[in-house]
Structures are given as structure tokens and as C-alpha cells.
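Below is one structure, written out as C-alpha cells, with a few remarks after it.
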Amino acid sequence: MRILVTGGAGFLGSHLCEALIARGDEVLSLDNYFTGSKENIQPFLQHPRFEAIRHDIINPIDLEVDAIYNLACPASPVHYQFDPVRTVQANVLGVTHMLELARRTKARILQASTSEVYGDPQVHPQTESYWGHVNPIGIRSCYDEGKRVAETLMMDYHRQYRVDIRIVRIFNTYGPRMAMDDGRVVSNFILQALKNQPLTIYGEGNQTRSFCYVSDMIDGMVRMMQKEKFVGPVNLGNPEEFSVLELAQKVIALTGSRSKIVRKPLPQDDPFKRRPDIRLAKEKLKWEPRIRIDEGLQKTVAYFSKLLSEGKQ
Ligand code: UDP
């Protein structure tokens, strides 16, 4: 199989490329390197079944492929809010271009959607049937509404043109190869703890998230791509829920850090609670996360310690 991974040099994209190469597929990574990095794909850049192209999906591209994983979009709030218009365009123009490519080549296409389609949810845990609670005009809307319209485009290409689609809704995921400047809670806390700097809790720290280790997420995505007669959307995430304060305490304990905790203002529209209901993924994909938070955090701490010891900041 010749598989296109858009966002292939990103955090999830690079792990996905690696897993697909290991399975024997031919992998084409496409990335504009806004948040992705060449270092992420360095380990397999010379592999004979891997190829990388610099391209932004907001412009059309014509390729011959058998399957498409569409991951291209900045996913961390600091990055998707940097150029919000472009974030919307990645999800409208970019997704349309990928769907046109899928339509012409008859490739199956999997869209990396997000728990953000549920917004600041009023139903807990979140099931796929929940329509969400999203501010259409806030600072997170470029991503939330962008990803929602991306799902709409996927469903309409499926109904109107019979494009073979899959939709996964990805909940918070962490692990090695997260960008150091990602601004996410897991990478921020680990880096702050390793540098003995204060851990920055936004708001009171009683907002919750559920953190999935990257290898579990990739496994779920590949299973969904292979699943017949099920388009989704399906939630992928780890249902173990922690408050941001609990996470800070865990990271401090795990790293043996001298860091204290400081409070910063809570960003606008920051969801208060988030936990996936993964019954559908269990039933349809026989999937559930295997890596518990302590093990996953240890692996991520080891990754960031190595980067810091190499002088990266
Ligand atoms: N957060 C925090 N300190 C940080 C970074 C994030 O307290 O240094 C909080 C943030 O306000 C949110 C949660 O952690 O409530 C998860 O934030 P992240 O940006 O990782 O992901 P998302 O909000 O997209 O789930």
C-alpha cells in the first residue's frame, strides 16, 4: 500500500509513519513544517519505503496513493491561534483538497478529528452521539469549528460522492516527539519540572483532561483505517481522567523536581471537563489504551531529559 500521511513530520504523524513503515507499507509524508520538524522524521528519512514532501494542503496536490491519513493541522492552542485564518483554511481548503485526491484515486481517507468538536462539553463523559457545546466566535473557534466543518466535508463527500472515509476523534495525546514549544500541559509541566522552574497552572487547576500515550493512539488510528463498513466518528483516547493540578503533582513526584506551582490566568473558553467514552472503539475496533499514565509520563520524561542534555531548549 502507498500511504499518504499529511502532517507526517508532526508529533502523531511521525509516529504513524514509523508504524506504517514497520508494517511494510510505502509511506509518503507531506508537511509544511509549521509545527512538524525534520528531526521527527530523521530516524527513517533514509528508509527506502519512506519519502517526504514539503507542501501545505491549503494548496491542491496531485499524487497516486492508496490511502490517506489526514493529520495536517496545528493542534496545540498556541500554534492554531498563531494564524487562525490559516487554521480554518487547513480544515476547509486542505480537507477539500485531500477529499478530492481520495475521490480521484479511490483511496480510503481517515480524518484526524478531535475532542474539540465537543467544545466545553455539557455531557460527561463524551459519547460520539453528543453534538457538542462550541463557541463559534471565540479564540478556539478556528480549530473547533474548523475541525467540525472538516467532519461535515468528510460526511458529505461520503454521501454525495461515495468517498471511502473514516473519522477518529482524538483526545489529548502525549509522548516523545511533542514539540518543546508546543505549549501543551504535559510538555510544559515536564520541561518546567526538569528545569526546576515553576509549573504553570492555568486557573485553579481543577479542570480535567484524559491523557492517551502516543503508541495507543497510533494503534487505534491504524485499526480504524483497516476497519470495514464503519466510517465513525469514533472517540480515541484514554478514559483515565485527571485534574491539571493532579497532573502537576504527578510530574513533580516522577521527576523528583524542586519546582513549585504558580497560577496563571485561565485562557478563554478552556474546556472544564474532558473524558472520552470509548465503548464504541472497544466494540468496533477491539481497541483500548494499554499504557497507564505513570508509564507514559516516564517515557516522555526520558525523551525531554535527553533533549535538554543535548542542549536543546
Ligand atoms: N494548561 C495549564 N498549564 C500549561 C498548559 C496548559 O494549566 O502550562 C491547562 C490548559 O488551560 C487546559 C489543560 O491544561 O485546561 C490542557 O491544555 P492543553 O493546551 O494541553 O490542551 P487542550 O486545552 O487543547 O486540551
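Labels used: A, B, ... for chains in the order of the C-alpha cells, numbers from 1 for residues in each chain, and numbers from 1 for ligands as shown.
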
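Taking only C-alpha atoms and all ligand atoms into account, the protein and nucleic acid residues that come at most 7 Å from ligand 1 are Ser76, Pro77, Asn172, Gly183, Arg184, Val185, Val186, Asn188, Phe189, Leu199, Thr200, Ile201, Tyr202, Gly203, Gly205, Gln207, Thr208, Arg209, Val244, Leu266, Pro267, Asp270, Pro271 and Phe272 of chain A.
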
Okay, now the selection with N, CA and C atoms, as a short mmCIF file (atom, residue, chain, number, x, y, z; two decimals), in the first residue's frame?
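Produced file part-v4.cif, reproduced below:
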```
data_model
loop_
_atom_site.label_atom_id
_atom_site.label_comp_id
_atom_site.auth_asym_id
_atom_site.auth_seq_id
_atom_site.Cartn_x
_atom_site.Cartn_y
_atom_site.Cartn_z
N SER A 76 -2.05 22.43 18.78
CA SER A 76 -1.93 22.99 20.12
C SER A 76 -2.44 24.43 20.11
N PRO A 77 -3.16 24.86 21.17
CA PRO A 77 -3.77 26.19 21.15
C PRO A 77 -2.79 27.31 20.75
N ASN A 172 -6.76 14.26 24.09
CA ASN A 172 -5.38 14.66 24.44
C ASN A 172 -4.42 13.47 24.39
N GLY A 183 3.48 24.07 24.03
CA GLY A 183 2.59 24.82 24.93
C GLY A 183 1.55 23.94 25.59
N ARG A 184 1.58 22.63 25.33
CA ARG A 184 0.62 21.71 25.93
C ARG A 184 0.96 21.48 27.39
N VAL A 185 -0.06 21.04 28.12
CA VAL A 185 0.14 20.89 29.55
C VAL A 185 1.20 19.84 29.87
N VAL A 186 1.20 18.71 29.16
CA VAL A 186 2.15 17.64 29.50
C VAL A 186 3.58 18.08 29.20
N ASN A 188 4.74 21.16 28.75
CA ASN A 188 5.11 22.29 29.61
C ASN A 188 5.52 21.82 30.99
N PHE A 189 4.67 21.00 31.62
CA PHE A 189 4.95 20.58 33.01
C PHE A 189 6.25 19.77 33.08
N LEU A 199 5.82 25.19 37.82
CA LEU A 199 4.83 24.61 36.89
C LEU A 199 3.66 25.60 36.78
N THR A 200 3.32 25.96 35.55
CA THR A 200 2.30 26.99 35.32
C THR A 200 0.91 26.36 35.21
N ILE A 201 0.12 26.52 36.27
CA ILE A 201 -1.26 26.03 36.22
C ILE A 201 -2.17 27.17 35.80
N TYR A 202 -2.93 26.96 34.75
CA TYR A 202 -3.86 27.98 34.28
C TYR A 202 -5.17 27.83 35.03
N GLY A 203 -5.58 28.90 35.71
CA GLY A 203 -6.80 28.84 36.52
C GLY A 203 -6.52 28.11 37.82
N GLY A 205 -6.77 24.90 38.31
CA GLY A 205 -6.17 23.58 38.08
C GLY A 205 -7.15 22.44 38.34
N GLN A 207 -9.72 21.93 36.31
CA GLN A 207 -10.21 21.44 35.03
C GLN A 207 -9.56 20.08 34.73
N THR A 208 -10.27 19.21 34.03
CA THR A 208 -9.74 17.86 33.82
C THR A 208 -9.44 17.57 32.34
N ARG A 209 -8.52 16.63 32.15
CA ARG A 209 -8.23 16.08 30.83
C ARG A 209 -7.93 14.60 31.02
N VAL A 244 -5.77 19.09 36.18
CA VAL A 244 -4.47 19.65 35.81
C VAL A 244 -3.56 19.72 37.05
N LEU A 266 -6.66 31.64 33.38
CA LEU A 266 -7.24 30.58 32.55
C LEU A 266 -7.56 31.15 31.17
N PRO A 267 -7.10 30.50 30.08
CA PRO A 267 -7.42 31.02 28.76
C PRO A 267 -8.93 30.99 28.49
N ASP A 270 -11.60 27.71 27.81
CA ASP A 270 -10.86 26.49 28.16
C ASP A 270 -11.86 25.45 28.68
N PRO A 271 -11.99 24.29 28.01
CA PRO A 271 -12.98 23.30 28.46
C PRO A 271 -12.73 22.87 29.91
N PHE A 272 -13.80 22.74 30.68
CA PHE A 272 -13.67 22.44 32.11
C PHE A 272 -13.47 20.94 32.38
#
```

Find the residues of region 44-88 of chain A that sit at most 8 Å from region 132-150 of chain A; for each, write down the nearest two atoms and how far apart they are in Å, to one decimal. Count only C-alpha atoms. Sort by chain, then by number going up, and give it as a tab-separated table.
```
residue	atom	partner	partner_atom	distance
A:Ala75	CA	A:Tyr143	CA	7.7
A:Pro77	CA	A:Arg140	CA	7.3
A:Tyr80	CA	A:Tyr143	CA	6.6
A:Gln81	CA	A:Ile139	CA	6.9
A:Pro84	CA	A:Cys142	CA	5.5
A:Val85	CA	A:Cys142	CA	7.0
A:Thr87	CA	A:Cys142	CA	6.0
A:Val88	CA	A:Gly146	CA	5.0
```

Put those residues in a file: N, CA, C and O atoms, as an mmCIF file, in the first residue's frame.
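Writing the result to again-v3.cif gives the following:
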```
data_model
loop_
_atom_site.group_PDB
_atom_site.id
_atom_site.type_symbol
_atom_site.label_atom_id
_atom_site.label_comp_id
_atom_site.auth_asym_id
_atom_site.auth_seq_id
_atom_site.Cartn_x
_atom_site.Cartn_y
_atom_site.Cartn_z
ATOM 1 N N ALA A 75 -2.253 21.678 16.166
ATOM 2 C CA ALA A 75 -3.235 21.145 17.112
ATOM 3 C C ALA A 75 -3.126 21.741 18.507
ATOM 4 O O ALA A 75 -4.026 21.571 19.317
ATOM 5 N N PRO A 77 -3.160 24.859 21.171
ATOM 6 C CA PRO A 77 -3.765 26.194 21.154
ATOM 7 C C PRO A 77 -2.792 27.314 20.747
ATOM 8 O O PRO A 77 -3.133 28.141 19.915
ATOM 9 N N TYR A 80 -2.367 26.846 16.863
ATOM 10 C CA TYR A 80 -3.515 27.063 15.971
ATOM 11 C C TYR A 80 -4.065 28.475 16.086
ATOM 12 O O TYR A 80 -4.748 28.953 15.188
ATOM 13 N N GLN A 81 -3.728 29.160 17.197
ATOM 14 C CA GLN A 81 -4.167 30.556 17.338
ATOM 15 C C GLN A 81 -3.152 31.550 16.767
ATOM 16 O O GLN A 81 -3.416 32.745 16.698
ATOM 17 N N PRO A 84 -4.993 32.124 12.923
ATOM 18 C CA PRO A 84 -6.283 31.423 12.966
ATOM 19 C C PRO A 84 -6.961 31.277 11.602
ATOM 20 O O PRO A 84 -7.618 30.265 11.347
ATOM 21 N N VAL A 85 -6.757 32.258 10.719
ATOM 22 C CA VAL A 85 -7.393 32.163 9.394
ATOM 23 C C VAL A 85 -6.839 30.946 8.651
ATOM 24 O O VAL A 85 -7.576 30.165 8.042
ATOM 25 N N THR A 87 -5.629 28.329 10.036
ATOM 26 C CA THR A 87 -6.122 27.112 10.697
ATOM 27 C C THR A 87 -7.476 26.713 10.110
ATOM 28 O O THR A 87 -7.710 25.540 9.807
ATOM 29 N N VAL A 88 -8.345 27.700 9.898
ATOM 30 C CA VAL A 88 -9.641 27.400 9.280
ATOM 31 C C VAL A 88 -9.411 26.884 7.857
ATOM 32 O O VAL A 88 -10.023 25.892 7.425
#
```

As a PyMOL selection string, please: all residues of region 92-141 of chain A that backbone DSSP puts in alpha helix (DSSP H). chain A and resi 95-105+141

For the selection you just gave me, I'd like the residues written to a file as a PDB file, in the first residue's frame, keeping N, CA, C and O atoms.
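New file out-v4.pdb:
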```pdb
ATOM      1  N   VAL A  95      -8.807  20.101   3.730  1.00  0.00           N
ATOM      2  CA  VAL A  95      -9.584  18.848   3.778  1.00  0.00           C
ATOM      3  C   VAL A  95     -10.275  18.607   2.433  1.00  0.00           C
ATOM      4  O   VAL A  95     -10.324  17.472   1.939  1.00  0.00           O
ATOM      5  N   THR A  96     -10.751  19.678   1.796  1.00  0.00           N
ATOM      6  CA  THR A  96     -11.366  19.520   0.471  1.00  0.00           C
ATOM      7  C   THR A  96     -10.335  18.970  -0.527  1.00  0.00           C
ATOM      8  O   THR A  96     -10.643  18.047  -1.300  1.00  0.00           O
ATOM      9  N   HIS A  97      -9.124  19.513  -0.490  1.00  0.00           N
ATOM     10  CA  HIS A  97      -8.099  19.015  -1.421  1.00  0.00           C
ATOM     11  C   HIS A  97      -7.802  17.539  -1.183  1.00  0.00           C
ATOM     12  O   HIS A  97      -7.654  16.757  -2.131  1.00  0.00           O
ATOM     13  N   MET A  98      -7.735  17.151   0.061  1.00  0.00           N
ATOM     14  CA  MET A  98      -7.449  15.738   0.361  1.00  0.00           C
ATOM     15  C   MET A  98      -8.638  14.846  -0.040  1.00  0.00           C
ATOM     16  O   MET A  98      -8.453  13.732  -0.519  1.00  0.00           O
ATOM     17  N   LEU A  99      -9.845  15.358   0.143  1.00  0.00           N
ATOM     18  CA  LEU A  99     -11.026  14.576  -0.248  1.00  0.00           C
ATOM     19  C   LEU A  99     -11.108  14.455  -1.776  1.00  0.00           C
ATOM     20  O   LEU A  99     -11.497  13.397  -2.297  1.00  0.00           O
ATOM     21  N   GLU A 100     -10.733  15.506  -2.497  1.00  0.00           N
ATOM     22  CA  GLU A 100     -10.701  15.431  -3.964  1.00  0.00           C
ATOM     23  C   GLU A 100      -9.675  14.396  -4.426  1.00  0.00           C
ATOM     24  O   GLU A 100      -9.907  13.649  -5.371  1.00  0.00           O
ATOM     25  N   LEU A 101      -8.535  14.390  -3.728  1.00  0.00           N
ATOM     26  CA  LEU A 101      -7.499  13.407  -4.051  1.00  0.00           C
ATOM     27  C   LEU A 101      -8.021  11.980  -3.801  1.00  0.00           C
ATOM     28  O   LEU A 101      -7.828  11.074  -4.617  1.00  0.00           O
ATOM     29  N   ALA A 102      -8.699  11.815  -2.684  1.00  0.00           N
ATOM     30  CA  ALA A 102      -9.263  10.498  -2.346  1.00  0.00           C
ATOM     31  C   ALA A 102     -10.324  10.089  -3.379  1.00  0.00           C
ATOM     32  O   ALA A 102     -10.406   8.927  -3.782  1.00  0.00           O
ATOM     33  N   ARG A 103     -11.099  11.064  -3.813  1.00  0.00           N
ATOM     34  CA  ARG A 103     -12.164  10.785  -4.778  1.00  0.00           C
ATOM     35  C   ARG A 103     -11.577  10.315  -6.114  1.00  0.00           C
ATOM     36  O   ARG A 103     -12.039   9.343  -6.706  1.00  0.00           O
ATOM     37  N   ARG A 104     -10.522  11.008  -6.565  1.00  0.00           N
ATOM     38  CA  ARG A 104      -9.934  10.654  -7.861  1.00  0.00           C
ATOM     39  C   ARG A 104      -9.184   9.320  -7.805  1.00  0.00           C
ATOM     40  O   ARG A 104      -9.295   8.492  -8.694  1.00  0.00           O
ATOM     41  N   THR A 105      -8.427   9.115  -6.701  1.00  0.00           N
ATOM     42  CA  THR A 105      -7.597   7.900  -6.628  1.00  0.00           C
ATOM     43  C   THR A 105      -8.367   6.714  -6.025  1.00  0.00           C
ATOM     44  O   THR A 105      -7.852   5.615  -5.981  1.00  0.00           O
ATOM     45  N   SER A 141     -12.265  28.894  18.256  1.00  0.00           N
ATOM     46  CA  SER A 141     -13.223  28.503  17.218  1.00  0.00           C
ATOM     47  C   SER A 141     -12.557  28.125  15.897  1.00  0.00           C
ATOM     48  O   SER A 141     -13.063  27.270  15.179  1.00  0.00           O
TER      49      SER A 141
END
```

Excluding same-chain residues fewer than 4 positions from Asn59 (chain A), what lies within 8 Å of it counting only C-alpha atoms, as a ChimeraX atom specification? /A:55,93-94,97

Which residues are near Lys312 (chain A)? Cut-off 12 Å, only C-alpha atoms, ignore same chain within fewer than 5 positions. Put them as a VMD selection string. chain A and resid 179 to 181 191 303 to 307

Closest atom pairs, region 238-281 of chain A residues within 8 Å of region 211-231 of chain A, only C-alpha atoms, as JSON lines:
```
{"residue": "A:Asn238", "atom": "CA", "partner": "A:Cys212", "partner_atom": "CA", "distance": 4.7}
{"residue": "A:Pro239", "atom": "CA", "partner": "A:Phe211", "partner_atom": "CA", "distance": 7.8}
{"residue": "A:Glu240", "atom": "CA", "partner": "A:Phe211", "partner_atom": "CA", "distance": 7.2}
{"residue": "A:Glu241", "atom": "CA", "partner": "A:Phe211", "partner_atom": "CA", "distance": 7.4}
```

Go ahead and dump the residues you just picked, all heavy atoms, as a PDB file, in the first residue's frame.
```
ATOM      1  N   ASN A 238      -7.731   8.029  26.190  1.00  0.00           N
ATOM      2  CA  ASN A 238      -7.635   7.249  27.419  1.00  0.00           C
ATOM      3  C   ASN A 238      -8.669   7.779  28.415  1.00  0.00           C
ATOM      4  O   ASN A 238      -8.644   8.954  28.745  1.00  0.00           O
ATOM      5  CB  ASN A 238      -6.223   7.383  27.993  1.00  0.00           C
ATOM      6  CG  ASN A 238      -5.973   6.383  29.093  1.00  0.00           C
ATOM      7  OD1 ASN A 238      -6.865   6.097  29.896  1.00  0.00           O
ATOM      8  ND2 ASN A 238      -4.785   5.835  29.126  1.00  0.00           N
ATOM      9  N   PRO A 239      -9.590   6.931  28.879  1.00  0.00           N
ATOM     10  CA  PRO A 239     -10.648   7.437  29.755  1.00  0.00           C
ATOM     11  C   PRO A 239     -10.210   7.749  31.191  1.00  0.00           C
ATOM     12  O   PRO A 239     -11.024   8.226  31.975  1.00  0.00           O
ATOM     13  CB  PRO A 239     -11.699   6.323  29.724  1.00  0.00           C
ATOM     14  CG  PRO A 239     -11.011   5.114  29.228  1.00  0.00           C
ATOM     15  CD  PRO A 239      -9.764   5.521  28.515  1.00  0.00           C
ATOM     16  N   GLU A 240      -8.950   7.525  31.531  1.00  0.00           N
ATOM     17  CA  GLU A 240      -8.486   7.898  32.889  1.00  0.00           C
ATOM     18  C   GLU A 240      -8.387   9.412  32.972  1.00  0.00           C
ATOM     19  O   GLU A 240      -7.604  10.026  32.245  1.00  0.00           O
ATOM     20  CB  GLU A 240      -7.124   7.276  33.176  1.00  0.00           C
ATOM     21  CG  GLU A 240      -7.237   5.848  33.659  1.00  0.00           C
ATOM     22  CD  GLU A 240      -5.932   5.351  34.270  1.00  0.00           C
ATOM     23  OE1 GLU A 240      -4.843   5.775  33.837  1.00  0.00           O
ATOM     24  OE2 GLU A 240      -6.006   4.530  35.185  1.00  0.00           O
ATOM     25  N   GLU A 241      -9.177   9.999  33.883  1.00  0.00           N
ATOM     26  CA  GLU A 241      -9.305  11.456  33.928  1.00  0.00           C
ATOM     27  C   GLU A 241      -8.540  12.045  35.119  1.00  0.00           C
ATOM     28  O   GLU A 241      -8.627  11.521  36.223  1.00  0.00           O
ATOM     29  CB  GLU A 241     -10.802  11.780  34.051  1.00  0.00           C
ATOM     30  CG  GLU A 241     -11.151  13.233  34.031  1.00  0.00           C
ATOM     31  CD  GLU A 241     -12.676  13.436  34.191  1.00  0.00           C
ATOM     32  OE1 GLU A 241     -13.403  12.443  34.318  1.00  0.00           O
ATOM     33  OE2 GLU A 241     -13.099  14.597  34.195  1.00  0.00           O
TER      34      GLU A 241
END
```

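The shell of residues at most 10 Å from region 251-254 of chain A, with only C-alpha atoms counted and near chain neighbours (fewer than 5 positions) removed, consists of Val186, Phe189, Ile190, Leu191, Gln192, Ala193, Leu194, Asn196, Leu199, Leu245, Glu246, Ser259, Lys260, Ile261, Asp294, Leu297, Gln298 and Val301 of chain A.
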
Let me see the file: selected residues, N, CA, C and O atoms, as a JSON list (two decimals), in the first residue's frame.
```json
[["chain", "number", "residue", "atom", "x", "y", "z"],
["A", 186, "VAL", "N", 1.20, 18.71, 29.16],
["A", 186, "VAL", "CA", 2.15, 17.64, 29.50],
["A", 186, "VAL", "C", 3.58, 18.08, 29.20],
["A", 186, "VAL", "O", 4.47, 17.97, 30.05],
["A", 189, "PHE", "N", 4.67, 21.00, 31.62],
["A", 189, "PHE", "CA", 4.95, 20.58, 33.01],
["A", 189, "PHE", "C", 6.25, 19.77, 33.08],
["A", 189, "PHE", "O", 7.06, 19.98, 33.99],
["A", 190, "ILE", "N", 6.45, 18.87, 32.14],
["A", 190, "ILE", "CA", 7.67, 18.04, 32.20],
["A", 190, "ILE", "C", 8.91, 18.92, 32.02],
["A", 190, "ILE", "O", 9.88, 18.81, 32.79],
["A", 191, "LEU", "N", 8.88, 19.81, 31.05],
["A", 191, "LEU", "CA", 10.05, 20.67, 30.82],
["A", 191, "LEU", "C", 10.29, 21.59, 32.01],
["A", 191, "LEU", "O", 11.43, 21.77, 32.44],
["A", 192, "GLN", "N", 9.20, 22.15, 32.56],
["A", 192, "GLN", "CA", 9.36, 23.03, 33.72],
["A", 192, "GLN", "C", 9.93, 22.24, 34.90],
["A", 192, "GLN", "O", 10.85, 22.71, 35.58],
["A", 193, "ALA", "N", 9.43, 21.03, 35.12],
["A", 193, "ALA", "CA", 9.91, 20.23, 36.25],
["A", 193, "ALA", "C", 11.38, 19.86, 36.07],
["A", 193, "ALA", "O", 12.17, 19.95, 37.02],
["A", 194, "LEU", "N", 11.74, 19.48, 34.87],
["A", 194, "LEU", "CA", 13.14, 19.09, 34.63],
["A", 194, "LEU", "C", 14.10, 20.27, 34.80],
["A", 194, "LEU", "O", 15.25, 20.09, 35.17],
["A", 196, "ASN", "N", 13.54, 22.62, 36.98],
["A", 196, "ASN", "CA", 13.25, 23.14, 38.33],
["A", 196, "ASN", "C", 12.63, 24.54, 38.28],
["A", 196, "ASN", "O", 12.87, 25.37, 39.17],
["A", 199, "LEU", "N", 5.82, 25.19, 37.82],
["A", 199, "LEU", "CA", 4.83, 24.61, 36.89],
["A", 199, "LEU", "C", 3.66, 25.60, 36.78],
["A", 199, "LEU", "O", 3.10, 26.00, 37.80],
["A", 245, "LEU", "N", -4.15, 20.00, 38.22],
["A", 245, "LEU", "CA", -3.36, 20.03, 39.46],
["A", 245, "LEU", "C", -2.80, 18.63, 39.77],
["A", 245, "LEU", "O", -1.62, 18.49, 40.13],
["A", 246, "GLU", "N", -3.63, 17.60, 39.62],
["A", 246, "GLU", "CA", -3.14, 16.22, 39.85],
["A", 246, "GLU", "C", -1.98, 15.89, 38.91],
["A", 246, "GLU", "O", -1.01, 15.25, 39.30],
["A", 259, "SER", "N", 10.53, 22.00, 41.74],
["A", 259, "SER", "CA", 9.61, 23.03, 41.24],
["A", 259, "SER", "C", 8.43, 23.25, 42.16],
["A", 259, "SER", "O", 7.91, 22.32, 42.76],
["A", 260, "LYS", "N", 8.00, 24.52, 42.21],
["A", 260, "LYS", "CA", 6.74, 24.87, 42.90],
["A", 260, "LYS", "C", 5.67, 25.03, 41.82],
["A", 260, "LYS", "O", 5.96, 24.88, 40.63],
["A", 261, "ILE", "N", 4.47, 25.37, 42.29],
["A", 261, "ILE", "CA", 3.37, 25.58, 41.34],
["A", 261, "ILE", "C", 3.01, 27.06, 41.34],
["A", 261, "ILE", "O", 2.95, 27.68, 42.40],
["A", 294, "ASP", "N", 1.48, 6.73, 34.46],
["A", 294, "ASP", "CA", 2.84, 6.79, 35.05],
["A", 294, "ASP", "C", 3.89, 6.28, 34.07],
["A", 294, "ASP", "O", 4.95, 6.87, 33.92],
["A", 297, "LEU", "N", 4.22, 8.82, 31.17],
["A", 297, "LEU", "CA", 4.93, 10.03, 31.60],
["A", 297, "LEU", "C", 6.42, 9.75, 31.73],
["A", 297, "LEU", "O", 7.25, 10.56, 31.34],
["A", 298, "GLN", "N", 6.76, 8.55, 32.27],
["A", 298, "GLN", "CA", 8.19, 8.21, 32.42],
["A", 298, "GLN", "C", 8.90, 8.23, 31.06],
["A", 298, "GLN", "O", 9.99, 8.75, 30.92],
["A", 301, "VAL", "N", 9.22, 11.82, 29.96],
["A", 301, "VAL", "CA", 10.26, 12.49, 30.75],
["A", 301, "VAL", "C", 11.64, 12.10, 30.20],
["A", 301, "VAL", "O", 12.51, 12.96, 30.01]]
```

Write out as a list in words which residues come within 10 Å of Lys273 (chain A) when counting only C-alpha atoms, dropping same-chain ones fewer than 6 positions away.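 Answer for this query is Gly119, Asp120, Pro121, Gln122, Val123, His124, Pro125, Gln126, Asn206, Gln207, Thr208, Arg209, Ser210, Glu241, Phe242 and Ser243 of chain A.
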
Check region 32-114 of chain A with DSSP on the backbone and list each residue it calls strand (DSSP E), as a list in words.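 The residues of region 32-114 of chain A classed as strand (DSSP E) are Phe50, Glu51, Ala52, Ile53, Arg54, Ala67, Ile68, Tyr69, Asn70, Arg108, Ile109, Leu110, Gln111, Ala112, Ser113 and Thr114 of chain A.
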
Could the residues in this selection be written to a file with N, CA, C and O atoms, as a PDB file, in the first residue's frame?
```pdb
ATOM      1  N   PHE A  50      10.222   5.204   2.501  1.00  0.00           N
ATOM      2  CA  PHE A  50       9.743   6.479   3.051  1.00  0.00           C
ATOM      3  C   PHE A  50      10.179   7.643   2.167  1.00  0.00           C
ATOM      4  O   PHE A  50      11.289   7.654   1.627  1.00  0.00           O
ATOM      5  N   GLU A  51       9.297   8.607   2.012  1.00  0.00           N
ATOM      6  CA  GLU A  51       9.588   9.794   1.220  1.00  0.00           C
ATOM      7  C   GLU A  51       8.893  10.996   1.875  1.00  0.00           C
ATOM      8  O   GLU A  51       7.781  10.851   2.387  1.00  0.00           O
ATOM      9  N   ALA A  52       9.546  12.150   1.853  1.00  0.00           N
ATOM     10  CA  ALA A  52       8.945  13.340   2.476  1.00  0.00           C
ATOM     11  C   ALA A  52       8.847  14.485   1.472  1.00  0.00           C
ATOM     12  O   ALA A  52       9.779  14.731   0.717  1.00  0.00           O
ATOM     13  N   ILE A  53       7.709  15.156   1.481  1.00  0.00           N
ATOM     14  CA  ILE A  53       7.474  16.307   0.600  1.00  0.00           C
ATOM     15  C   ILE A  53       7.128  17.509   1.467  1.00  0.00           C
ATOM     16  O   ILE A  53       6.363  17.384   2.422  1.00  0.00           O
ATOM     17  N   ARG A  54       7.672  18.686   1.117  1.00  0.00           N
ATOM     18  CA  ARG A  54       7.236  19.928   1.776  1.00  0.00           C
ATOM     19  C   ARG A  54       6.051  20.486   0.993  1.00  0.00           C
ATOM     20  O   ARG A  54       6.170  20.812  -0.187  1.00  0.00           O
ATOM     21  N   ALA A  67      -4.158   5.146   0.182  1.00  0.00           N
ATOM     22  CA  ALA A  67      -4.853   5.533   1.423  1.00  0.00           C
ATOM     23  C   ALA A  67      -4.264   6.844   1.928  1.00  0.00           C
ATOM     24  O   ALA A  67      -3.096   7.146   1.665  1.00  0.00           O
ATOM     25  N   ILE A  68      -5.101   7.605   2.616  1.00  0.00           N
ATOM     26  CA  ILE A  68      -4.673   8.918   3.125  1.00  0.00           C
ATOM     27  C   ILE A  68      -5.035   9.038   4.607  1.00  0.00           C
ATOM     28  O   ILE A  68      -6.191   8.839   4.985  1.00  0.00           O
ATOM     29  N   TYR A  69      -4.052   9.372   5.428  1.00  0.00           N
ATOM     30  CA  TYR A  69      -4.321   9.796   6.806  1.00  0.00           C
ATOM     31  C   TYR A  69      -4.179  11.312   6.805  1.00  0.00           C
ATOM     32  O   TYR A  69      -3.066  11.822   6.573  1.00  0.00           O
ATOM     33  N   ASN A  70      -5.248  12.043   7.072  1.00  0.00           N
ATOM     34  CA  ASN A  70      -5.155  13.499   7.047  1.00  0.00           C
ATOM     35  C   ASN A  70      -4.982  14.074   8.463  1.00  0.00           C
ATOM     36  O   ASN A  70      -5.948  14.257   9.189  1.00  0.00           O
ATOM     37  N   ARG A 108      -8.934   5.281   0.424  1.00  0.00           N
ATOM     38  CA  ARG A 108      -9.659   5.497   1.689  1.00  0.00           C
ATOM     39  C   ARG A 108      -8.982   6.663   2.423  1.00  0.00           C
ATOM     40  O   ARG A 108      -7.759   6.763   2.409  1.00  0.00           O
ATOM     41  N   ILE A 109      -9.776   7.519   3.049  1.00  0.00           N
ATOM     42  CA  ILE A 109      -9.200   8.670   3.756  1.00  0.00           C
ATOM     43  C   ILE A 109      -9.680   8.713   5.202  1.00  0.00           C
ATOM     44  O   ILE A 109     -10.877   8.598   5.469  1.00  0.00           O
ATOM     45  N   LEU A 110      -8.718   8.826   6.108  1.00  0.00           N
ATOM     46  CA  LEU A 110      -9.038   8.937   7.540  1.00  0.00           C
ATOM     47  C   LEU A 110      -8.758  10.368   7.991  1.00  0.00           C
ATOM     48  O   LEU A 110      -7.668  10.901   7.764  1.00  0.00           O
ATOM     49  N   GLN A 111      -9.757  10.979   8.596  1.00  0.00           N
ATOM     50  CA  GLN A 111      -9.605  12.341   9.100  1.00  0.00           C
ATOM     51  C   GLN A 111      -9.293  12.310  10.594  1.00  0.00           C
ATOM     52  O   GLN A 111     -10.026  11.697  11.380  1.00  0.00           O
ATOM     53  N   ALA A 112      -8.190  12.989  10.963  1.00  0.00           N
ATOM     54  CA  ALA A 112      -7.867  13.148  12.378  1.00  0.00           C
ATOM     55  C   ALA A 112      -8.721  14.280  12.924  1.00  0.00           C
ATOM     56  O   ALA A 112      -8.376  15.443  12.810  1.00  0.00           O
ATOM     57  N   SER A 113      -9.869  13.928  13.487  1.00  0.00           N
ATOM     58  CA  SER A 113     -10.706  14.927  14.135  1.00  0.00           C
ATOM     59  C   SER A 113     -10.303  14.995  15.607  1.00  0.00           C
ATOM     60  O   SER A 113      -9.242  14.474  15.992  1.00  0.00           O
ATOM     61  N   THR A 114     -11.114  15.598  16.411  1.00  0.00           N
ATOM     62  CA  THR A 114     -10.643  15.957  17.755  1.00  0.00           C
ATOM     63  C   THR A 114     -11.774  16.002  18.776  1.00  0.00           C
ATOM     64  O   THR A 114     -12.936  16.248  18.419  1.00  0.00           O
TER      65      THR A 114
END
```

Nearest candidate to Val262 (chain A) (options A:Met154, A:Ala248, A:Val78, A:Leu20; using only C-alpha atoms):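 With only C-alpha atoms as the atom set, the closest residue is A:Ala248.
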